[in-house]
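This is protein28.cif (mmCIF, N, CA and C atoms).
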data_final
loop_
_atom_site.label_atom_id
_atom_site.label_comp_id
_atom_site.auth_asym_id
_atom_site.auth_seq_id
_atom_site.Cartn_x
_atom_site.Cartn_y
_atom_site.Cartn_z
N MET K 1 94.08 193.18 137.05
CA MET K 1 94.80 192.15 136.35
C MET K 1 95.28 192.75 135.03
N SER K 2 96.50 192.44 134.68
CA SER K 2 97.05 193.01 133.46
C SER K 2 96.51 192.27 132.23
N LEU K 3 96.54 192.95 131.10
CA LEU K 3 96.02 192.39 129.85
C LEU K 3 96.77 191.13 129.42
N PRO K 4 98.10 191.08 129.46
CA PRO K 4 98.80 189.85 129.06
C PRO K 4 98.41 188.63 129.91
N VAL K 5 98.20 188.83 131.20
CA VAL K 5 97.80 187.72 132.07
C VAL K 5 96.39 187.26 131.71
N LEU K 6 95.49 188.19 131.45
CA LEU K 6 94.13 187.87 131.07
C LEU K 6 94.10 187.10 129.74
N VAL K 7 94.88 187.55 128.75
CA VAL K 7 94.95 186.86 127.46
C VAL K 7 95.49 185.44 127.65
N ALA K 8 96.52 185.28 128.48
CA ALA K 8 97.09 183.95 128.73
C ALA K 8 96.06 183.02 129.36
N ILE K 9 95.27 183.53 130.30
CA ILE K 9 94.25 182.72 130.95
C ILE K 9 93.18 182.28 129.95
N VAL K 10 92.75 183.19 129.09
CA VAL K 10 91.73 182.87 128.09
C VAL K 10 92.26 181.84 127.09
N VAL K 11 93.47 182.04 126.59
CA VAL K 11 94.06 181.10 125.63
C VAL K 11 94.23 179.72 126.27
N LEU K 12 94.73 179.67 127.50
CA LEU K 12 94.89 178.40 128.19
C LEU K 12 93.53 177.73 128.43
N GLY K 13 92.51 178.47 128.77
CA GLY K 13 91.17 177.92 128.97
C GLY K 13 90.59 177.32 127.70
N ILE K 14 90.75 178.02 126.58
CA ILE K 14 90.26 177.51 125.30
C ILE K 14 91.03 176.25 124.91
N ALA K 15 92.35 176.26 125.08
CA ALA K 15 93.16 175.09 124.73
C ALA K 15 92.78 173.88 125.58
N LEU K 16 92.55 174.08 126.86
CA LEU K 16 92.14 172.97 127.72
C LEU K 16 90.76 172.44 127.34
N SER K 17 89.85 173.33 126.95
CA SER K 17 88.51 172.89 126.53
C SER K 17 88.57 172.06 125.26
N VAL K 18 89.35 172.51 124.28
CA VAL K 18 89.50 171.76 123.03
C VAL K 18 90.16 170.41 123.30
N ALA K 19 91.17 170.38 124.14
CA ALA K 19 91.84 169.12 124.47
C ALA K 19 90.89 168.17 125.19
N ALA K 20 90.06 168.67 126.09
CA ALA K 20 89.11 167.82 126.81
C ALA K 20 88.11 167.19 125.85
N VAL K 21 87.61 167.97 124.91
CA VAL K 21 86.67 167.43 123.93
C VAL K 21 87.35 166.37 123.08
N HIS K 22 88.56 166.64 122.63
CA HIS K 22 89.29 165.69 121.78
C HIS K 22 89.56 164.39 122.51
N PHE K 23 90.08 164.46 123.72
CA PHE K 23 90.48 163.25 124.44
C PHE K 23 89.30 162.47 125.01
N THR K 24 88.12 163.05 125.08
CA THR K 24 86.94 162.31 125.52
C THR K 24 86.16 161.73 124.34
N GLY K 25 86.72 161.82 123.13
CA GLY K 25 86.10 161.20 121.96
C GLY K 25 85.25 162.12 121.12
N GLY K 26 85.22 163.40 121.41
CA GLY K 26 84.39 164.34 120.68
C GLY K 26 84.83 164.58 119.25
N SER K 27 86.08 164.31 118.93
CA SER K 27 86.55 164.52 117.56
C SER K 27 86.65 163.21 116.78
N LYS K 28 86.21 162.12 117.40
CA LYS K 28 86.24 160.82 116.75
C LYS K 28 85.04 160.69 115.81
N ALA K 29 85.28 160.20 114.61
CA ALA K 29 84.20 160.00 113.64
C ALA K 29 83.69 158.56 113.73
N ALA K 30 82.38 158.42 113.85
CA ALA K 30 81.76 157.10 113.94
C ALA K 30 81.70 156.46 112.56
N THR K 31 82.12 155.22 112.47
CA THR K 31 82.00 154.45 111.23
C THR K 31 81.39 153.10 111.57
N LEU K 32 80.76 152.51 110.58
CA LEU K 32 80.11 151.22 110.75
C LEU K 32 81.09 150.12 110.35
N SER K 33 81.20 149.10 111.17
CA SER K 33 82.11 148.00 110.86
C SER K 33 81.52 147.02 109.85
N GLY K 34 80.22 147.10 109.64
CA GLY K 34 79.60 146.21 108.67
C GLY K 34 78.09 146.25 108.78
N ALA K 35 77.44 145.38 108.01
CA ALA K 35 75.98 145.34 107.97
C ALA K 35 75.38 144.95 109.32
N ASP K 36 76.05 144.05 110.04
CA ASP K 36 75.53 143.62 111.33
C ASP K 36 75.49 144.76 112.34
N GLN K 37 76.51 145.60 112.36
CA GLN K 37 76.51 146.74 113.27
C GLN K 37 75.41 147.73 112.88
N ALA K 38 75.23 147.95 111.59
CA ALA K 38 74.17 148.86 111.13
C ALA K 38 72.80 148.33 111.55
N LEU K 39 72.58 147.04 111.39
CA LEU K 39 71.30 146.44 111.79
C LEU K 39 71.06 146.56 113.29
N SER K 40 72.09 146.27 114.08
CA SER K 40 71.90 146.33 115.54
C SER K 40 71.72 147.76 116.02
N ARG K 41 72.44 148.70 115.42
CA ARG K 41 72.28 150.10 115.82
C ARG K 41 70.89 150.62 115.45
N PHE K 42 70.40 150.24 114.28
CA PHE K 42 69.07 150.65 113.85
C PHE K 42 68.00 150.02 114.75
N ALA K 43 68.21 148.76 115.13
CA ALA K 43 67.25 148.06 115.99
C ALA K 43 67.14 148.68 117.38
N GLU K 44 68.19 149.36 117.84
CA GLU K 44 68.12 150.04 119.14
C GLU K 44 67.03 151.12 119.14
N ASP K 45 66.92 151.86 118.03
CA ASP K 45 65.94 152.95 117.95
C ASP K 45 64.61 152.51 117.35
N PHE K 46 64.64 151.49 116.50
CA PHE K 46 63.42 151.03 115.83
C PHE K 46 63.33 149.50 115.97
N PRO K 47 63.00 149.00 117.17
CA PRO K 47 63.02 147.55 117.39
C PRO K 47 61.95 146.79 116.60
N ASP K 48 60.89 147.44 116.17
CA ASP K 48 59.81 146.76 115.46
C ASP K 48 60.02 146.71 113.96
N GLU K 49 61.09 147.31 113.46
CA GLU K 49 61.36 147.33 112.02
C GLU K 49 62.32 146.20 111.65
N ALA K 50 62.02 145.53 110.55
CA ALA K 50 62.88 144.44 110.07
C ALA K 50 63.44 144.81 108.70
N ALA K 51 64.74 144.87 108.60
CA ALA K 51 65.40 145.23 107.34
C ALA K 51 65.70 143.97 106.54
N THR K 52 65.53 144.08 105.23
CA THR K 52 65.83 142.94 104.35
C THR K 52 67.19 143.07 103.68
N THR K 53 67.61 144.29 103.38
CA THR K 53 68.89 144.52 102.70
C THR K 53 69.59 145.71 103.35
N VAL K 54 70.91 145.61 103.48
CA VAL K 54 71.71 146.71 104.02
C VAL K 54 72.70 147.13 102.95
N ARG K 55 72.73 148.43 102.66
CA ARG K 55 73.67 148.99 101.69
C ARG K 55 74.56 150.00 102.39
N LEU K 56 75.84 149.68 102.52
CA LEU K 56 76.80 150.58 103.17
C LEU K 56 77.43 151.50 102.14
N THR K 57 77.70 152.73 102.54
CA THR K 57 78.44 153.64 101.67
C THR K 57 79.90 153.21 101.67
N ALA K 58 80.65 153.71 100.69
CA ALA K 58 82.05 153.33 100.53
C ALA K 58 82.90 153.74 101.73
N ASP K 59 82.56 154.85 102.39
CA ASP K 59 83.33 155.30 103.55
C ASP K 59 82.85 154.69 104.86
N ALA K 60 81.82 153.85 104.82
CA ALA K 60 81.25 153.15 105.98
C ALA K 60 80.71 154.10 107.05
N LYS K 61 80.32 155.30 106.64
CA LYS K 61 79.72 156.24 107.60
C LYS K 61 78.19 156.20 107.58
N THR K 62 77.62 155.60 106.53
CA THR K 62 76.17 155.56 106.39
C THR K 62 75.73 154.21 105.87
N ALA K 63 74.59 153.74 106.39
CA ALA K 63 73.98 152.52 105.90
C ALA K 63 72.52 152.81 105.57
N PHE K 64 72.07 152.28 104.46
CA PHE K 64 70.67 152.39 104.05
C PHE K 64 70.07 150.99 104.13
N LEU K 65 68.99 150.86 104.90
CA LEU K 65 68.36 149.57 105.13
C LEU K 65 67.00 149.53 104.44
N ASP K 66 66.77 148.52 103.64
CA ASP K 66 65.49 148.37 102.96
C ASP K 66 64.49 147.78 103.96
N LEU K 67 63.43 148.54 104.25
CA LEU K 67 62.42 148.12 105.23
C LEU K 67 61.15 147.60 104.57
N GLY K 68 61.09 147.67 103.24
CA GLY K 68 59.90 147.23 102.53
C GLY K 68 58.87 148.34 102.44
N ARG K 69 57.88 148.17 101.59
CA ARG K 69 56.80 149.13 101.36
C ARG K 69 57.32 150.53 101.05
N GLY K 70 58.45 150.60 100.32
CA GLY K 70 58.99 151.89 99.91
C GLY K 70 59.64 152.69 101.01
N ARG K 71 60.02 152.05 102.11
CA ARG K 71 60.65 152.76 103.22
C ARG K 71 62.11 152.35 103.35
N ILE K 72 62.92 153.30 103.72
CA ILE K 72 64.36 153.09 103.91
C ILE K 72 64.74 153.51 105.32
N GLY K 73 65.50 152.68 106.00
CA GLY K 73 66.09 153.05 107.28
C GLY K 73 67.48 153.58 107.04
N ILE K 74 67.85 154.61 107.78
CA ILE K 74 69.18 155.21 107.61
C ILE K 74 69.91 155.18 108.94
N VAL K 75 71.15 154.74 108.91
CA VAL K 75 72.07 154.85 110.06
C VAL K 75 73.24 155.66 109.55
N HIS K 76 73.44 156.85 110.13
CA HIS K 76 74.46 157.78 109.65
C HIS K 76 75.32 158.25 110.81
N GLY K 77 76.64 158.18 110.64
CA GLY K 77 77.57 158.62 111.66
C GLY K 77 77.71 160.13 111.69
N ILE K 78 77.48 160.70 112.87
CA ILE K 78 77.69 162.14 113.09
C ILE K 78 78.53 162.26 114.35
N GLY K 79 79.73 162.78 114.20
CA GLY K 79 80.65 162.83 115.34
C GLY K 79 80.97 161.41 115.76
N ASP K 80 80.85 161.13 117.06
CA ASP K 80 81.10 159.77 117.54
C ASP K 80 79.80 159.02 117.81
N CYS K 81 78.68 159.53 117.30
CA CYS K 81 77.36 158.92 117.50
C CYS K 81 76.74 158.56 116.16
N PHE K 82 75.61 157.87 116.23
CA PHE K 82 74.88 157.51 115.03
C PHE K 82 73.48 158.11 115.08
N LEU K 83 73.07 158.65 113.95
CA LEU K 83 71.73 159.18 113.76
C LEU K 83 70.95 158.10 113.00
N THR K 84 69.70 157.85 113.40
CA THR K 84 68.88 156.87 112.69
C THR K 84 67.58 157.54 112.25
N ARG K 85 67.09 157.15 111.08
CA ARG K 85 65.86 157.69 110.52
C ARG K 85 65.15 156.60 109.73
N VAL K 86 63.83 156.72 109.64
CA VAL K 86 63.04 155.96 108.68
C VAL K 86 62.52 156.98 107.67
N VAL K 87 62.82 156.74 106.40
CA VAL K 87 62.51 157.71 105.35
C VAL K 87 61.61 157.05 104.31
N THR K 88 60.61 157.80 103.87
CA THR K 88 59.75 157.38 102.77
C THR K 88 59.95 158.35 101.61
N PRO K 89 59.44 158.03 100.44
CA PRO K 89 59.58 158.97 99.32
C PRO K 89 58.97 160.34 99.61
N LEU K 90 57.97 160.42 100.47
CA LEU K 90 57.37 161.71 100.81
C LEU K 90 58.28 162.59 101.66
N ASP K 91 59.28 161.99 102.31
CA ASP K 91 60.24 162.74 103.13
C ASP K 91 61.39 163.30 102.32
N VAL K 92 61.46 162.95 101.05
CA VAL K 92 62.60 163.31 100.20
C VAL K 92 62.25 164.53 99.35
N LYS K 93 63.07 165.58 99.48
CA LYS K 93 62.91 166.74 98.62
C LYS K 93 63.51 166.48 97.25
N MET K 94 64.67 165.82 97.23
CA MET K 94 65.36 165.56 95.97
C MET K 94 66.26 164.34 96.14
N SER K 95 66.28 163.50 95.12
CA SER K 95 67.25 162.42 95.07
C SER K 95 67.65 162.25 93.61
N ARG K 96 68.95 162.19 93.40
CA ARG K 96 69.44 162.03 92.04
C ARG K 96 70.85 161.47 92.08
N ALA K 97 71.26 160.90 90.96
CA ALA K 97 72.63 160.42 90.83
C ALA K 97 73.51 161.64 90.61
N ASP K 98 74.53 161.79 91.45
CA ASP K 98 75.43 162.94 91.36
C ASP K 98 76.57 162.65 90.40
N GLU K 99 77.12 161.47 90.49
CA GLU K 99 78.16 160.97 89.59
C GLU K 99 78.17 159.46 89.76
N ALA K 100 79.12 158.78 89.18
CA ALA K 100 79.16 157.32 89.25
C ALA K 100 79.10 156.83 90.70
N ASN K 101 78.17 155.96 90.98
CA ASN K 101 78.00 155.33 92.30
C ASN K 101 77.65 156.31 93.42
N THR K 102 77.26 157.53 93.11
CA THR K 102 77.00 158.54 94.12
C THR K 102 75.57 159.05 94.02
N VAL K 103 74.92 159.17 95.18
CA VAL K 103 73.55 159.66 95.25
C VAL K 103 73.53 160.94 96.07
N LEU K 104 72.86 161.94 95.55
CA LEU K 104 72.62 163.18 96.28
C LEU K 104 71.21 163.10 96.82
N LEU K 105 71.06 163.16 98.13
CA LEU K 105 69.77 162.98 98.79
C LEU K 105 69.49 164.19 99.68
N ARG K 106 68.39 164.88 99.44
CA ARG K 106 67.97 166.01 100.26
C ARG K 106 66.64 165.67 100.90
N LEU K 107 66.59 165.78 102.25
CA LEU K 107 65.39 165.42 103.00
C LEU K 107 64.65 166.66 103.47
N ALA K 108 63.37 166.50 103.74
CA ALA K 108 62.55 167.59 104.24
C ALA K 108 62.73 167.77 105.75
N ASP K 109 63.41 166.87 106.41
CA ASP K 109 63.65 166.91 107.85
C ASP K 109 64.62 168.05 108.18
N PHE K 110 64.20 168.97 109.04
CA PHE K 110 65.07 170.12 109.35
C PHE K 110 66.22 169.75 110.27
N THR K 111 66.16 168.60 110.94
CA THR K 111 67.24 168.22 111.84
C THR K 111 68.40 167.55 111.13
N TRP K 112 68.15 167.00 109.94
CA TRP K 112 69.20 166.41 109.13
C TRP K 112 68.76 166.48 107.68
N LYS K 113 69.49 167.21 106.88
CA LYS K 113 69.09 167.50 105.50
C LYS K 113 69.51 166.44 104.50
N GLY K 114 70.26 165.41 104.92
CA GLY K 114 70.72 164.39 103.98
C GLY K 114 72.15 164.65 103.61
N GLY K 115 72.51 164.35 102.36
CA GLY K 115 73.88 164.57 101.94
C GLY K 115 74.19 163.87 100.64
N ARG K 116 75.48 163.69 100.43
CA ARG K 116 76.01 163.05 99.23
C ARG K 116 76.63 161.72 99.67
N PHE K 117 76.14 160.63 99.10
CA PHE K 117 76.54 159.30 99.54
C PHE K 117 77.13 158.51 98.38
N ARG K 118 78.38 158.06 98.56
CA ARG K 118 79.07 157.30 97.52
C ARG K 118 79.08 155.83 97.92
N PHE K 119 78.65 154.98 96.99
CA PHE K 119 78.58 153.54 97.22
C PHE K 119 79.70 152.84 96.47
N ALA K 120 80.00 151.62 96.89
CA ALA K 120 81.03 150.83 96.22
C ALA K 120 80.54 150.34 94.86
N SER K 121 79.22 150.17 94.73
CA SER K 121 78.69 149.67 93.45
C SER K 121 77.56 150.56 92.94
N ALA K 122 77.45 150.62 91.64
CA ALA K 122 76.37 151.39 91.02
C ALA K 122 75.02 150.77 91.31
N ALA K 123 74.98 149.46 91.52
CA ALA K 123 73.71 148.77 91.81
C ALA K 123 73.12 149.25 93.13
N ASP K 124 73.97 149.46 94.15
CA ASP K 124 73.47 149.95 95.44
C ASP K 124 72.93 151.37 95.30
N ALA K 125 73.64 152.21 94.58
CA ALA K 125 73.18 153.59 94.38
C ALA K 125 71.85 153.61 93.62
N GLN K 126 71.73 152.80 92.59
CA GLN K 126 70.51 152.76 91.79
C GLN K 126 69.34 152.19 92.59
N ALA K 127 69.59 151.20 93.44
CA ALA K 127 68.53 150.64 94.28
C ALA K 127 67.96 151.69 95.24
N LEU K 128 68.83 152.52 95.80
CA LEU K 128 68.37 153.60 96.68
C LEU K 128 67.54 154.61 95.90
N LEU K 129 68.01 154.98 94.73
CA LEU K 129 67.26 155.92 93.88
C LEU K 129 65.92 155.34 93.47
N ASN K 130 65.88 154.06 93.15
CA ASN K 130 64.62 153.43 92.75
C ASN K 130 63.60 153.43 93.88
N THR K 131 64.06 153.27 95.11
CA THR K 131 63.15 153.23 96.25
C THR K 131 62.66 154.62 96.63
N LEU K 132 63.54 155.60 96.63
CA LEU K 132 63.18 156.93 97.13
C LEU K 132 62.90 157.97 96.06
N GLY K 133 63.27 157.71 94.83
CA GLY K 133 63.22 158.77 93.84
C GLY K 133 61.97 158.93 93.01
N PRO K 134 61.68 158.04 92.11
CA PRO K 134 60.71 158.30 91.05
C PRO K 134 59.29 158.59 91.50
N GLN K 135 58.83 157.94 92.58
CA GLN K 135 57.44 158.13 92.95
C GLN K 135 57.20 159.34 93.83
N HIS K 136 58.23 160.15 94.09
CA HIS K 136 58.07 161.32 94.95
C HIS K 136 57.29 162.42 94.24
N LEU K 137 56.30 162.97 94.93
CA LEU K 137 55.43 163.96 94.32
C LEU K 137 56.16 165.25 93.92
N HIS K 138 57.12 165.70 94.75
CA HIS K 138 57.83 166.94 94.42
C HIS K 138 58.62 166.80 93.13
N SER K 139 59.15 165.60 92.87
CA SER K 139 59.90 165.38 91.63
C SER K 139 58.98 165.54 90.44
N VAL K 140 57.74 165.08 90.56
CA VAL K 140 56.77 165.24 89.47
C VAL K 140 56.43 166.70 89.28
N TRP K 141 56.25 167.43 90.37
CA TRP K 141 55.92 168.86 90.27
C TRP K 141 57.07 169.64 89.67
N GLU K 142 58.32 169.32 90.06
CA GLU K 142 59.46 170.05 89.53
C GLU K 142 59.65 169.76 88.05
N ALA K 143 59.31 168.56 87.61
CA ALA K 143 59.47 168.20 86.21
C ALA K 143 58.41 168.88 85.32
N ALA K 144 57.26 169.22 85.90
CA ALA K 144 56.17 169.80 85.13
C ALA K 144 56.42 171.24 84.74
#

This entry written out as structure tokens:
Amino acid sequence: MSLPVLVAIVVLGIALSVAAVHFTGGSKAATLSGADQALSRFAEDFPDEAATTVRLTADAKTAFLDLGRGRIGIVHGIGDCFLTRVVTPLDVKMSRADEANTVLLRLADFTWKGGRFRFASAADAQALLNTLGPQHLHSVWEAA
């Protein structure tokens, strides 16, 4: 087989693979339509947990659910799916205000490290920091 024919076959194969992923929804970004969707999606994975407050990020890709006793439920869009977690202050490596209405959250979980989350209001950002930030032991050690 000649080299030009082989190159054409490889290029066509890659293009068809990328197109198949795109048209089957692989390049679609999951977003939350509101608090109700976040609650129902979280309940699929954690049916025994009851959330009292839902805080959506400004881009509607992440929701933080107050579960009480210092625990936060997270529903985060990755690709066209949602990742869910229950996080306590002991699971947090670092949490701090990055800029206005924005929280930088780093988790000890190796499967998802957290990220930078921008909220519509400063009150939502501060409530998340109050729940996950100050009582974390690593924050005390780093400050010492």

Selection: 8 Å around Thr52 (chain K), all atoms listed in the file, excl. self and same-chain fewer than 2 positions, as a PyMOL selection string: chain K and resi 49-50+54-55+65-68

Would you put the residues from that selection into a file with N, CA and C atoms, as an mmCIF file, in the frame of the given file?
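This went into part-v3.cif:
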data_model
loop_
_atom_site.group_PDB
_atom_site.id
_atom_site.type_symbol
_atom_site.label_atom_id
_atom_site.label_comp_id
_atom_site.auth_asym_id
_atom_site.auth_seq_id
_atom_site.Cartn_x
_atom_site.Cartn_y
_atom_site.Cartn_z
ATOM 1 N N GLU K 49 61.090 147.310 113.460
ATOM 2 C CA GLU K 49 61.360 147.330 112.020
ATOM 3 C C GLU K 49 62.320 146.200 111.650
ATOM 4 N N ALA K 50 62.020 145.530 110.550
ATOM 5 C CA ALA K 50 62.880 144.440 110.070
ATOM 6 C C ALA K 50 63.440 144.810 108.700
ATOM 7 N N VAL K 54 70.910 145.610 103.480
ATOM 8 C CA VAL K 54 71.710 146.710 104.020
ATOM 9 C C VAL K 54 72.700 147.130 102.950
ATOM 10 N N ARG K 55 72.730 148.430 102.660
ATOM 11 C CA ARG K 55 73.670 148.990 101.690
ATOM 12 C C ARG K 55 74.560 150.000 102.390
ATOM 13 N N LEU K 65 68.990 150.860 104.900
ATOM 14 C CA LEU K 65 68.360 149.570 105.130
ATOM 15 C C LEU K 65 67.000 149.530 104.440
ATOM 16 N N ASP K 66 66.770 148.520 103.640
ATOM 17 C CA ASP K 66 65.490 148.370 102.960
ATOM 18 C C ASP K 66 64.490 147.780 103.960
ATOM 19 N N LEU K 67 63.430 148.540 104.250
ATOM 20 C CA LEU K 67 62.420 148.120 105.230
ATOM 21 C C LEU K 67 61.150 147.600 104.570
ATOM 22 N N GLY K 68 61.090 147.670 103.240
ATOM 23 C CA GLY K 68 59.900 147.230 102.530
ATOM 24 C C GLY K 68 58.870 148.340 102.440
#

Using CA of Arg106 (chain K) and CA of Ala43 (chain K) as the two end points, give the distance in Å to one decimal.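 Atom-to-atom, CA of Arg106 (chain K) and CA of Ala43 (chain K) are spaced 23.9 Å apart.
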
Would you give me, as a PyMOL selection string, the residues in chain K that DSSP reads as alpha helix (DSSP H)? chain K and resi 3-23+35-45+122-132+137-143

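Each of K:Glu99, K:Leu107, K:Phe23, K:Gly70 was checked against Leu132 (chain K) using all atoms listed in the file; the smallest atom-to-atom distance is that of K:Gly70.
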
Could you tell me how far CA of Ser17 (chain K) sits from CA of Ile78 (chain K), in Å to one decimal place?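 CA of Ser17 (chain K) lies at a distance of 20.3 Å from CA of Ile78 (chain K).
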
Translate the PyMOL selection byres (((chain K and resi 81 and name CA) around 12) and name CA) into a concrete residue list for this structure, as a VMD selection string. chain K and resid 25 to 32 41 61 to 62 75 to 80 82 to 84

Rounded to one decimal in Å, what is the spacing between CA of Arg96 (chain K) and CA of Ser33 (chain K)?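 Result for CA of Arg96 (chain K) versus CA of Ser33 (chain K): 26.7 Å, one decimal.
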
Please identify the strand (DSSP E or B) residues within region 36-133 of chain K (assignment by DSSP from backbone atoms) and present them as a PyMOL selection string. chain K and resi 53-57+62-68+71-78+81-87+92-99+102-107+114-119

Same residues, N, CA and C atoms, saved as a compact mmCIF listing (two decimals), in the coordinates of the input:
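again_0.txt, written as the output of this step:
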# COMPACT_ATOMS: atom_id res chain seq x y z
N THR K 53 67.61 144.29 103.38
CA THR K 53 68.89 144.52 102.70
C THR K 53 69.59 145.71 103.35
N VAL K 54 70.91 145.61 103.48
CA VAL K 54 71.71 146.71 104.02
C VAL K 54 72.70 147.13 102.95
N ARG K 55 72.73 148.43 102.66
CA ARG K 55 73.67 148.99 101.69
C ARG K 55 74.56 150.00 102.39
N LEU K 56 75.84 149.68 102.52
CA LEU K 56 76.80 150.58 103.17
C LEU K 56 77.43 151.50 102.14
N THR K 57 77.70 152.73 102.54
CA THR K 57 78.44 153.64 101.67
C THR K 57 79.90 153.21 101.67
N THR K 62 77.62 155.60 106.53
CA THR K 62 76.17 155.56 106.39
C THR K 62 75.73 154.21 105.87
N ALA K 63 74.59 153.74 106.39
CA ALA K 63 73.98 152.52 105.90
C ALA K 63 72.52 152.81 105.57
N PHE K 64 72.07 152.28 104.46
CA PHE K 64 70.67 152.39 104.05
C PHE K 64 70.07 150.99 104.13
N LEU K 65 68.99 150.86 104.90
CA LEU K 65 68.36 149.57 105.13
C LEU K 65 67.00 149.53 104.44
N ASP K 66 66.77 148.52 103.64
CA ASP K 66 65.49 148.37 102.96
C ASP K 66 64.49 147.78 103.96
N LEU K 67 63.43 148.54 104.25
CA LEU K 67 62.42 148.12 105.23
C LEU K 67 61.15 147.60 104.57
N GLY K 68 61.09 147.67 103.24
CA GLY K 68 59.90 147.23 102.53
C GLY K 68 58.87 148.34 102.44
N ARG K 71 60.02 152.05 102.11
CA ARG K 71 60.65 152.76 103.22
C ARG K 71 62.11 152.35 103.35
N ILE K 72 62.92 153.30 103.72
CA ILE K 72 64.36 153.09 103.91
C ILE K 72 64.74 153.51 105.32
N GLY K 73 65.50 152.68 106.00
CA GLY K 73 66.09 153.05 107.28
C GLY K 73 67.48 153.58 107.04
N ILE K 74 67.85 154.61 107.78
CA ILE K 74 69.18 155.21 107.61
C ILE K 74 69.91 155.18 108.94
N VAL K 75 71.15 154.74 108.91
CA VAL K 75 72.07 154.85 110.06
C VAL K 75 73.24 155.66 109.55
N HIS K 76 73.44 156.85 110.13
CA HIS K 76 74.46 157.78 109.65
C HIS K 76 75.32 158.25 110.81
N GLY K 77 76.64 158.18 110.64
CA GLY K 77 77.57 158.62 111.66
C GLY K 77 77.71 160.13 111.69
N ILE K 78 77.48 160.70 112.87
CA ILE K 78 77.69 162.14 113.09
C ILE K 78 78.53 162.26 114.35
N CYS K 81 78.68 159.53 117.30
CA CYS K 81 77.36 158.92 117.50
C CYS K 81 76.74 158.56 116.16
N PHE K 82 75.61 157.87 116.23
CA PHE K 82 74.88 157.51 115.03
C PHE K 82 73.48 158.11 115.08
N LEU K 83 73.07 158.65 113.95
CA LEU K 83 71.73 159.18 113.76
C LEU K 83 70.95 158.10 113.00
N THR K 84 69.70 157.85 113.40
CA THR K 84 68.88 156.87 112.69
C THR K 84 67.58 157.54 112.25
N ARG K 85 67.09 157.15 111.08
CA ARG K 85 65.86 157.69 110.52
C ARG K 85 65.15 156.60 109.73
N VAL K 86 63.83 156.72 109.64
CA VAL K 86 63.04 155.96 108.68
C VAL K 86 62.52 156.98 107.67
N VAL K 87 62.82 156.74 106.40
CA VAL K 87 62.51 157.71 105.35
C VAL K 87 61.61 157.05 104.31
N VAL K 92 61.46 162.95 101.05
CA VAL K 92 62.60 163.31 100.20
C VAL K 92 62.25 164.53 99.35
N LYS K 93 63.07 165.58 99.48
CA LYS K 93 62.91 166.74 98.62
C LYS K 93 63.51 166.48 97.25
N MET K 94 64.67 165.82 97.23
CA MET K 94 65.36 165.56 95.97
C MET K 94 66.26 164.34 96.14
N SER K 95 66.28 163.50 95.12
CA SER K 95 67.25 162.42 95.07
C SER K 95 67.65 162.25 93.61
N ARG K 96 68.95 162.19 93.40
CA ARG K 96 69.44 162.03 92.04
C ARG K 96 70.85 161.47 92.08
N ALA K 97 71.26 160.90 90.96
CA ALA K 97 72.63 160.42 90.83
C ALA K 97 73.51 161.64 90.61
N ASP K 98 74.53 161.79 91.45
CA ASP K 98 75.43 162.94 91.36
C ASP K 98 76.57 162.65 90.40
N GLU K 99 77.12 161.47 90.49
CA GLU K 99 78.16 160.97 89.59
C GLU K 99 78.17 159.46 89.76
N THR K 102 77.26 157.53 93.11
CA THR K 102 77.00 158.54 94.12
C THR K 102 75.57 159.05 94.02
N VAL K 103 74.92 159.17 95.18
CA VAL K 103 73.55 159.66 95.25
C VAL K 103 73.53 160.94 96.07
N LEU K 104 72.86 161.94 95.55
CA LEU K 104 72.62 163.18 96.28
C LEU K 104 71.21 163.10 96.82
N LEU K 105 71.06 163.16 98.13
CA LEU K 105 69.77 162.98 98.79
C LEU K 105 69.49 164.19 99.68
N ARG K 106 68.39 164.88 99.44
CA ARG K 106 67.97 166.01 100.26
C ARG K 106 66.64 165.67 100.90
N LEU K 107 66.59 165.78 102.25
CA LEU K 107 65.39 165.42 103.00
C LEU K 107 64.65 166.66 103.47
N GLY K 114 70.26 165.41 104.92
CA GLY K 114 70.72 164.39 103.98
C GLY K 114 72.15 164.65 103.61
N GLY K 115 72.51 164.35 102.36
CA GLY K 115 73.88 164.57 101.94
C GLY K 115 74.19 163.87 100.64
N ARG K 116 75.48 163.69 100.43
CA ARG K 116 76.01 163.05 99.23
C ARG K 116 76.63 161.72 99.67
N PHE K 117 76.14 160.63 99.10
CA PHE K 117 76.54 159.30 99.54
C PHE K 117 77.13 158.51 98.38
N ARG K 118 78.38 158.06 98.56
CA ARG K 118 79.07 157.30 97.52
C ARG K 118 79.08 155.83 97.92
N PHE K 119 78.65 154.98 96.99
CA PHE K 119 78.58 153.54 97.22
C PHE K 119 79.70 152.84 96.47

Ref. answer, residues at most 10 Å from (76.4, 145.4, 101.1) with only C-alpha atoms, as an MDAnalysis selection string: chainID K and resid 34:35 53:58 63:65 119:121 124

For Arg118 (chain K), find every residue with an atom within 8 Å (counting only N, CA and C atoms), except residues of its own chain fewer than 4 positions away, and show them as number ranges by chain. K: 56-60, 100-104, 125

Explicit residues for the PyMOL selection byres (((chain K and resi 92 and name CA) around 8) and name CA) (as an MDAnalysis selection string): chainID K and resid 87:91 93:95 105:108 132:133 136

Pick the closest to Ile74 (chain K) from K:Leu128, K:Pro4, K:Val21, K:Phe110: which is it, counting only C-alpha atoms? K:Leu128

I need the residue nearest Asp98 (chain K) from this list: K:Ile72, K:Arg116, K:Asp36, K:Val18. Use only N, CA and C atoms for the distance.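 Counting only N, CA and C atoms, the residue closest to Asp98 (chain K) is K:Arg116.
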